[in-house]
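Just input_12.cif here, mmCIF, C-alpha atoms:
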data_protein
loop_
_atom_site.label_atom_id
_atom_site.label_comp_id
_atom_site.auth_asym_id
_atom_site.auth_seq_id
_atom_site.Cartn_x
_atom_site.Cartn_y
_atom_site.Cartn_z
CA MET V 57 61.62 35.27 54.88
CA LYS V 58 58.09 36.01 55.91
CA ASN V 59 56.69 39.20 54.34
CA ASP V 60 56.12 40.90 57.67
CA MET V 61 59.76 40.70 58.81
CA TYR V 62 61.66 43.88 59.44
CA LYS V 63 64.57 45.24 61.46
CA GLY V 64 63.60 44.77 65.08
CA TYR V 65 61.32 41.80 64.30
CA LYS V 66 61.45 39.40 67.24
CA PHE V 67 61.14 35.65 66.76
CA ARG V 68 58.54 33.81 68.76
CA GLU V 69 60.16 32.35 71.88
CA ASN V 70 60.11 28.60 72.32
CA LYS V 71 60.33 26.87 75.67
CA ILE V 72 61.86 23.41 75.39
CA LEU V 73 62.57 20.76 78.00
CA ILE V 74 66.03 19.20 77.86
CA ASP V 75 65.66 15.90 79.64
CA GLN V 76 68.09 13.02 79.94
CA LYS V 77 66.12 11.07 77.34
CA LYS V 78 66.79 13.80 74.77
CA ILE V 79 70.47 13.91 75.77
CA ASP V 80 70.79 10.13 75.41
CA LEU V 81 69.08 10.23 72.03
CA TYR V 82 71.34 13.05 70.87
CA ALA V 83 74.42 11.05 71.95
CA LYS V 84 73.18 8.11 69.90
CA ALA V 85 72.43 10.24 66.83
CA SER V 86 75.65 12.27 66.90
CA GLY V 87 78.07 9.66 68.24
CA ASP V 88 79.19 12.03 71.02
CA ASN V 89 79.23 9.63 73.95
CA ASN V 90 81.29 11.75 76.30
CA PRO V 91 80.53 10.47 79.82
CA ILE V 92 79.94 14.01 81.09
CA HIS V 93 76.63 13.83 79.21
CA LEU V 94 75.72 10.24 79.95
CA ASN V 95 77.35 8.92 83.11
CA GLU V 96 76.15 10.49 86.37
CA GLU V 97 78.94 8.92 88.43
CA TYR V 98 81.59 10.37 86.12
CA ALA V 99 79.83 13.72 85.89
CA GLN V 100 79.94 14.05 89.68
CA THR V 101 83.75 14.13 89.48
CA THR V 102 83.67 17.17 87.17
CA SER V 103 83.28 20.83 88.07
CA TYR V 104 79.61 20.68 86.99
CA GLY V 105 78.83 18.02 89.62
CA LYS V 106 76.23 16.38 87.41
CA ARG V 107 75.50 15.49 83.81
CA ILE V 108 75.15 18.29 81.27
CA ALA V 109 73.54 18.46 77.84
CA HIS V 110 75.71 18.61 74.73
CA GLY V 111 76.25 22.20 73.62
CA MET V 112 75.59 21.03 70.07
CA LEU V 113 72.18 19.71 71.13
CA THR V 114 71.15 23.13 72.39
CA LEU V 115 72.66 24.77 69.33
CA GLY V 116 70.86 22.32 67.04
CA ILE V 117 67.58 23.37 68.67
CA LEU V 118 68.49 27.04 68.33
CA SER V 119 69.22 26.52 64.63
CA GLU V 120 65.71 25.14 64.23
CA ILE V 121 64.13 28.44 65.22
CA LEU V 122 65.82 29.88 62.15
CA VAL V 123 64.30 27.12 60.04
CA LYS V 124 60.93 28.12 61.48
CA GLU V 125 61.47 31.80 60.79
CA PHE V 126 63.21 31.39 57.43
CA PRO V 127 61.72 28.13 56.19
CA LYS V 128 62.98 28.31 52.61
CA SER V 129 66.34 29.86 53.31
CA TRP V 130 68.15 28.80 56.47
CA TYR V 131 68.97 25.23 55.51
CA LYS V 132 70.16 26.37 52.05
CA LYS V 133 72.79 28.93 52.99
CA GLY V 134 73.68 30.60 56.23
CA ASN V 135 76.21 31.20 58.90
CA ILE V 136 76.14 31.31 62.64
CA LYS V 137 78.58 32.22 65.39
CA VAL V 138 77.80 31.56 69.04
CA ARG V 139 79.30 31.36 72.49
CA PHE V 140 78.23 28.78 75.03
CA THR V 141 77.98 30.67 78.28
CA ALA V 142 76.35 28.23 80.71
CA PRO V 143 75.71 24.49 80.88
CA VAL V 144 72.24 22.97 80.60
CA PHE V 145 71.41 20.28 83.11
CA PRO V 146 68.90 17.47 82.53
CA SER V 147 65.29 18.48 83.29
CA GLU V 148 65.98 22.16 82.64
CA TYR V 149 63.93 24.22 80.22
CA ILE V 150 65.60 26.40 77.65
CA ILE V 151 63.99 29.38 75.98
CA THR V 152 65.10 30.22 72.45
CA TYR V 153 64.90 33.79 71.22
CA GLY V 154 66.02 35.92 68.30
CA GLU V 155 65.67 39.26 66.61
CA ILE V 156 66.49 40.68 63.19
CA ILE V 157 69.02 43.45 63.71
CA SER V 158 69.46 44.45 60.07
CA ILE V 159 68.36 43.58 56.56
CA ILE V 160 70.80 44.32 53.78
CA GLU V 161 69.60 44.23 50.18
CA PHE V 162 71.84 43.27 47.28
CA GLY V 163 70.18 42.75 43.91
CA GLU V 164 67.21 40.47 44.31
CA LYS V 165 68.58 38.97 47.52
CA LYS V 166 68.61 40.12 51.10
CA ILE V 167 70.77 39.22 54.05
CA ALA V 168 69.00 39.15 57.37
CA LYS V 169 71.39 39.58 60.31
CA CYS V 170 70.02 38.33 63.60
CA ASN V 171 70.89 38.18 67.25
CA ILE V 172 69.98 34.74 68.54
CA GLY V 173 70.29 32.84 71.78
CA CYS V 174 68.97 30.52 74.44
CA LYS V 175 68.42 31.30 78.08
CA LYS V 176 67.21 29.53 81.19
CA ILE V 177 63.89 30.29 82.83
CA ASP V 178 65.72 32.48 85.38
CA GLY V 179 67.20 34.50 82.51
CA THR V 180 70.73 33.03 82.60
CA ASP V 181 72.22 33.06 79.11
CA ILE V 182 73.10 29.62 77.75
CA ILE V 183 74.00 30.55 74.17
CA THR V 184 74.46 33.99 72.68
CA GLY V 185 75.39 34.78 69.12
CA LYS V 186 74.61 35.98 65.65
CA ALA V 187 73.32 34.42 62.46
CA GLU V 188 73.10 35.59 58.86
CA ILE V 189 70.59 34.23 56.40
CA VAL V 190 70.45 34.92 52.68
CA VAL V 191 66.81 35.26 51.70
CA MET F 1166 97.03 12.25 67.49
CA ASN F 1167 95.90 13.36 70.92
CA VAL F 1168 95.56 17.07 71.41
CA LEU F 1169 98.36 17.43 73.96
CA ASP F 1170 100.91 16.01 71.51
CA ALA F 1171 99.47 17.67 68.41
CA GLU F 1172 100.93 20.84 67.00
CA VAL F 1173 99.01 23.66 65.39
CA GLY F 1174 98.27 22.66 61.80
CA GLN F 1175 97.75 18.99 62.65
CA THR F 1176 95.00 17.64 60.41
CA TYR F 1177 92.34 15.07 61.23
CA GLY F 1178 90.20 12.97 58.93
CA PRO F 1179 88.87 13.23 56.32
CA TYR F 1180 85.82 11.65 57.88
CA GLU F 1181 83.15 10.33 55.59
CA LEU F 1182 79.92 11.41 57.20
CA LYS F 1183 77.19 8.84 56.91
CA PHE F 1184 73.55 9.83 57.18
CA ASP F 1185 71.62 6.66 57.79
CA ASN F 1186 67.87 6.97 58.16
CA ASN F 1187 67.77 5.98 61.82
CA LYS F 1188 70.37 8.53 62.81
CA ILE F 1189 68.62 11.26 60.83
CA LYS F 1190 65.34 10.39 62.53
CA GLU F 1191 66.97 10.39 65.98
CA TYR F 1192 68.69 13.71 65.36
CA ILE F 1193 65.53 15.34 64.05
CA ASN F 1194 63.56 14.03 67.02
CA CYS F 1195 66.11 15.65 69.35
CA VAL F 1196 66.31 19.10 67.86
CA THR F 1197 63.47 20.02 65.60
CA PHE F 1198 59.96 21.36 65.90
CA LEU F 1199 56.98 19.56 64.48
CA GLU F 1200 56.41 22.03 61.66
CA ASN F 1201 60.02 21.68 60.44
CA LYS F 1202 59.97 17.91 60.19
CA GLU F 1203 58.39 17.73 56.75
CA LEU F 1204 61.19 19.81 55.28
CA TYR F 1205 63.71 17.26 56.38
CA SER F 1206 62.34 14.47 54.22
CA GLU F 1207 64.49 16.04 51.52
CA TYR F 1208 67.24 17.92 53.34
CA LEU F 1209 69.31 17.58 56.48
CA PRO F 1210 69.38 20.05 59.35
CA PRO F 1211 72.56 22.07 58.67
CA PHE F 1212 74.05 21.28 62.06
CA PHE F 1213 73.81 17.53 61.68
CA PRO F 1214 77.05 17.17 59.64
CA VAL F 1215 78.79 19.54 62.06
CA ALA F 1216 77.67 17.41 65.02
CA LEU F 1217 78.88 14.20 63.37
CA ALA F 1218 82.25 15.69 62.44
CA LEU F 1219 82.76 17.09 65.93
CA SER F 1220 82.12 13.68 67.48
CA GLU F 1221 84.77 12.14 65.21
CA LEU F 1222 87.22 14.88 66.15
CA ILE F 1223 86.56 14.50 69.86
CA GLU F 1224 87.48 10.82 69.51
CA ASP F 1225 90.67 11.50 67.54
CA LEU F 1226 91.79 14.36 69.76
CA LYS F 1227 91.15 12.04 72.72
CA LEU F 1228 89.59 14.94 74.57
CA PHE F 1229 88.00 12.74 77.18
CA GLN F 1230 90.75 10.22 77.65
CA LEU F 1231 93.34 12.66 78.94
CA GLY F 1232 91.85 13.18 82.38
CA LEU F 1233 91.03 16.78 81.53
CA GLU F 1234 87.70 18.55 81.53
CA ALA F 1235 86.60 19.82 78.14
CA VAL F 1236 84.33 22.82 77.78
CA HIS F 1237 82.80 23.62 74.42
CA SER F 1238 82.96 27.40 74.56
CA GLY F 1239 82.06 28.50 71.07
CA GLN F 1240 80.90 27.33 67.69
CA GLU F 1241 80.75 28.79 64.22
CA ALA F 1242 79.36 27.21 61.08
CA SER F 1243 78.54 28.27 57.56
CA TRP F 1244 77.17 26.35 54.60
CA GLU F 1245 76.81 27.24 50.97
CA ARG F 1246 73.97 24.99 49.90
CA GLU F 1247 71.38 22.58 51.16
CA ILE F 1248 72.56 19.16 52.28
CA SER F 1249 70.75 16.08 51.13
CA PRO F 1250 70.93 12.79 53.05
CA LYS F 1251 72.14 11.15 49.84
CA MET F 1252 75.24 13.34 49.60
CA ASN F 1253 78.68 12.01 50.37
CA ILE F 1254 80.30 14.53 52.66
CA PHE F 1255 83.90 14.46 53.74
CA ALA F 1256 84.94 16.50 56.78
CA LYS F 1257 88.57 17.51 57.15
CA GLY F 1258 89.61 18.89 60.53
CA LYS F 1259 92.59 20.99 61.53
CA LEU F 1260 93.93 22.15 64.86
CA SER F 1261 94.06 25.87 64.06
CA SER F 1262 95.14 27.20 67.42
CA LYS F 1263 96.39 25.84 70.73
CA LYS F 1264 97.26 28.21 73.53
CA TYR F 1265 97.94 27.71 77.21
CA ILE F 1266 96.55 30.49 79.35
CA ARG F 1267 97.25 29.91 83.02
CA LYS F 1268 96.23 26.30 83.62
CA SER F 1269 93.81 26.06 80.71
CA LEU F 1270 94.42 24.97 77.15
CA PHE F 1271 92.42 26.89 74.54
CA LEU F 1272 91.83 25.05 71.29
CA VAL F 1273 90.40 26.15 67.97
CA ILE F 1274 89.48 23.36 65.61
CA SER F 1275 88.38 24.16 62.09
CA VAL F 1276 86.61 21.79 59.74
CA GLU F 1277 85.90 21.95 56.03
CA TYR F 1278 83.09 19.96 54.46
CA ASN F 1279 83.44 18.88 50.85
CA ASP F 1280 81.43 16.70 48.52
CA LEU F 1281 82.69 13.81 46.42
CA ASN F 1282 83.97 16.26 43.79
CA ASN F 1283 85.87 18.18 46.43
CA GLN F 1284 83.47 21.12 46.15
CA LEU F 1285 83.15 23.07 49.36
CA ILE F 1286 79.81 22.65 51.12
CA GLY F 1287 80.60 24.51 54.31
CA SER F 1288 82.95 25.02 57.20
CA SER F 1289 82.88 25.14 60.97
CA ILE F 1290 85.04 26.30 63.85
CA SER F 1291 84.81 24.82 67.34
CA ARG F 1292 86.35 26.49 70.37
CA ILE F 1293 87.17 24.17 73.23
CA ILE F 1294 88.82 24.83 76.58
CA LEU F 1295 90.59 22.04 78.44
CA ASN F 1296 90.93 22.42 82.19
CA GLU F 1297 92.54 20.29 84.83
CA LYS F 1298 89.85 18.44 86.78
#
Translate this file's structure into structure tokens.
Amino acid sequence: MKNDMYKGYKFRENKILIDQKKIDLYAKASGDNNPIHLNEEYAQTTSYGKRIAHGMLTLGILSEILVKEFPKSWYKKGNIKVRFTAPVFPSEYIITYGEIISIIEFGEKKIAKCNIGCKKIDGTDIITGKAEIVV
Amino acid sequence: MNVLDAEVGQTYGPYELKFDNNKIKEYINCVTFLENKELYSEYLPPFFPVALALSELIEDLKLFQLGLEAVHSGQEASWEREISPKMNIFAKGKLSSKKYIRKSLFLVISVEYNDLNNQLIGSSISRIILNEK
């Protein structure tokens, strides 16, 4: 944890483009080849009407803001709980955000509890949730 | 066993998760920021094993072969230690809950991740809703 972190500390927001190229690459890396992400013709038959990004792609990106904020801690031990509240369509930007809501000390360690999420440019929530990091 | 026939408690896997260099590179290129990349020469992003296990489960549950629309509505994950690309990780899935509410089927799928010595590395819970198209 950076020395200047405190309850109420807000993470720097990141604006990231989710394009079809990223979705295709994620499908290849993860093995999730569900046609709703990859096949436009199929996606048109669904309630979304077009292809959507994998929720786990967006969540993977959100997890990376915690690596940025807690570079020596997040990948070692942590937990996260989120809800996916809206789909992300190709060529949309997502904005990641987060805030420390409490810091609990126990011995030499601390647990930072955070609210985290992703939203669209118009403010629509995509992911909302909480994370805990032992630092 | 497909999810419509499966009962609560049905297990899936274990899946041996393989982290080949190309896949790691592709995953990192999808999700990470430039300044994080160096870190991942030694460790894996914590969500990579979860993503791989979920893909295996989606296949075995036949979520997209049943003519239903699947919505990933929630995700939890926790891990107890860093994950190296050289580790052998085995993911064991379980259908923890299956409830029909109106015309939707609400699923909870839990996964445990263990190493070769059966030591727990982490766990995850995926919440999925199946709707008629």
Quick one: which residues end up in the PyMOL selection byres ((chain V) within 8 of (chain F)) for this structure, as an MDAnalysis selection string? chainID V and resid 78:79 81:82 84:88 90 101:103 111:114 116:117 119:120 123:124 127 131:141
Pick from V:Met61, V:Gln100, V:Lys71, V:Ser147 nearest to V:Val191, counting all atoms listed in the file: V:Met61
Quick one: distance from atom CA of F:Ile1274 to atom CA of V:Gly185 in Å, one decimal?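 Computing it gives 18.5 Å between the two atoms.
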Just give me the gap between atom CA of V:Trp130 and atom CA of V:Ile167 in Å, one decimal is fine. 11.0 Å
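Across F:Ala1256, F:Asp1170, F:Gln1175, F:Ile1293, the tightest approach to F:Leu1272 is made by F:Ile1293 when counting all atoms listed in the file.
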Carefully work through the PyMOL selection byres ((chain F and resi 1169) around 12) for this structure and note down the residues it includes, as number ranges by chain. F: 1166-1168, 1170-1173, 1175, 1225-1233, 1260, 1263-1265, 1269-1272, 1295
One number please: atom CA of V:Ile108 to atom CA of V:Ile172, in Å, one decimal.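 Atom-to-atom, atom CA of V:Ile108 and atom CA of V:Ile172 are spaced 21.4 Å apart.
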Selection dump of the PyMOL selection byres ((chain V and resi 142-145) around 9), as a PyMOL selection string: chain V and resi 74-76+104+106-111+114+140-141+146-150+175-176+180-183
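Distances to V:Tyr62 were evaluated for V:Ile157, V:Ala83, V:Leu122, V:Cys174 using all atoms listed in the file, and the minimum falls at V:Ile157.
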So which residues touch V:Ile156 within 10 Å, counting only C-alpha atoms, skipping near sequence neighbours fewer than 6 positions away, as a ChimeraX atom specification? /V:61-67,168-172,186-188
Box centre and edge lengths (Å, one decimal), axis-aligned, stretch 70-79 of chain V plus 6 Å each side, as lines of an AutoDock Vina configuration file:
center_x = 65.3
center_y = 19.8
center_z = 76.1
size_x = 22.4
size_y = 29.5
size_z = 19.6
